[in-house]
Amino acid sequence: MSKDIHVLVVEADFYRDISDALLDGAKEVLDKAGAVYEVVRVPGCLEIPAAIRFALKSMEFMGGRRRYDAYVALGCVIRGETSHYDTVSEESARGLMDIAMEYCIAVGNGIITCENSDQAWERALKGKKNKGGGAAQAALDMLVLKEQFGLFPR
């Protein structure tokens with residue numbers, strides 16, 4: 001993999017304690033890989049795809065070079081009493097996939113969807129399922145695959 005990997009991590013503030021646990025896992029993986037990363041926060045999971053798109057749009061003002069090589073989305077959606085859970089879960093995932101496909105970017109989706117906070121903690125904590133670390137690793141793995149297909153320079 002190319003050196004000097006720059007990653008944008010977008011963390012949703014809704015359920016901030018859980019997303020911070022996801023972030024801890026992601027940082028550990030990115031640090032181990034020697035990646036440089038920046039963390040930005042958005043209000044909720046629906047805003048994550050827009051934040052990544054903003055970052056991509058900013059490249060137009062940087063002479064066409066992408067500022068980030070990979071992207072990690074972190075957040076938590078817990079089912080409530082309304083159908084809003086379905087909208088947030090489906091649309092945030094769809095938004096990430098649309099951006100990844102349209103702009104050919106490496107994205108790790110660490111937006112966890114759960115029935116309750118116990119399930120969320122099980123998925124978020126580094127000593128448990130560590131979905132934040134998994135999302136960071138997925139972004140790095142997709143970056144390697146992108147490089148194998150000759151899709152560099154970035």
# chains A, B, ... in the order shown; residues from 1 in each chain; ligands from 1
$ closest_atom_pairs --of "range 70-139 of chain A" --to "range 5-12 of chain A" --cutoff "7 Å" --atoms "only C-alpha atoms" --output "Markdown table"
| residue | atom | partner | partner_atom | distance |
| --- | --- | --- | --- | --- |
| A:Ala70 | CA | A:Val7 | CA | 4.9 |
| A:Tyr71 | CA | A:Leu8 | CA | 4.8 |
| A:Val72 | CA | A:Val9 | CA | 4.6 |
| A:Ala73 | CA | A:Val10 | CA | 5.0 |
| A:Leu74 | CA | A:Glu11 | CA | 4.7 |
| A:Gly75 | CA | A:Ala12 | CA | 4.9 |
$ residues_around --residues "Cys76 in chain A" --least-positions-apart "5" --cutoff "10 Å" --atoms "only C-alpha atoms" --output "ChimeraX atom specification"
/A:11-19,22,44-45,88-89,110-114,117,120-121,123-124
$ atom_distance --atom1 "CA of Ala51 in chain A" --atom2 "CA of Val107 in chain A"
12.8 Å
$ select_by_dssp --residues "range 6-154 of chain A" --states "helix (DSSP H, G or I)" --output "VMD selection string"
chain A and resid 16 to 33 45 to 62 84 to 103 117 to 124 131 to 148
$ residues_around --residues "Tyr103 in chain A" --least-positions-apart "5" --cutoff "10 Å" --atoms "only C-alpha atoms" --output "list in words"
Arg53, Leu56, Met97 and Asp98 of chain A
$ write_last_selection --atoms "C-alpha atoms" --output "compact mmCIF listing (two decimals), in the first residue's frame"
# COMPACT_ATOMS: atom_id res chain seq x y z
CA ARG A 53 -19.46 14.30 -0.13
CA LEU A 56 -14.93 15.09 -1.99
CA MET A 97 -22.79 3.05 -1.13
CA ASP A 98 -23.91 5.65 -3.66
$ atom_distance --atom1 "CA of Gly25 in chain A" --atom2 "CA of Glu38 in chain A"
14.6 Å
$ closest_residue --among "A:Gln119, A:Met59, A:Arg94, A:Lys126" --to "Ala26 in chain A" --atoms "only C-alpha atoms"
A:Lys126
$ closest_residue --among "A:Val144, A:Phe149, A:Gly80, A:Ala136" --to "Lys32 in chain A" --atoms "only C-alpha atoms"
A:Ala136
$ atom_distance --atom1 "CA of Glu47 in chain A" --atom2 "CA of Asp69 in chain A"
20.0 Å
$ closest_residue --among "A:Arg67, A:Asn109, A:Leu145, A:Ala21" --to "Ile48 in chain A" --atoms "only C-alpha atoms"
A:Asn109
$ residues_around --residues "Glu81 in chain A" --least-positions-apart "4" --cutoff "12 Å" --atoms "only C-alpha atoms" --output "mmCIF file with N, CA and C atoms, in the first residue's frame"
data_model
loop_
_atom_site.group_PDB
_atom_site.id
_atom_site.type_symbol
_atom_site.label_atom_id
_atom_site.label_comp_id
_atom_site.auth_asym_id
_atom_site.auth_seq_id
_atom_site.Cartn_x
_atom_site.Cartn_y
_atom_site.Cartn_z
ATOM 1 N N TYR A 85 -36.119 4.614 12.581
ATOM 2 C CA TYR A 85 -34.973 3.697 12.595
ATOM 3 C C TYR A 85 -34.701 3.150 11.190
ATOM 4 N N ASP A 86 -35.766 2.701 10.524
ATOM 5 C CA ASP A 86 -35.616 2.120 9.192
ATOM 6 C C ASP A 86 -35.084 3.152 8.203
ATOM 7 N N GLU A 115 -31.119 -3.150 18.192
ATOM 8 C CA GLU A 115 -32.435 -3.105 18.828
ATOM 9 C C GLU A 115 -32.409 -2.345 20.148
ATOM 10 N N ASN A 116 -31.243 -2.344 20.813
ATOM 11 C CA ASN A 116 -31.161 -1.710 22.135
ATOM 12 C C ASN A 116 -29.710 -1.333 22.439
#
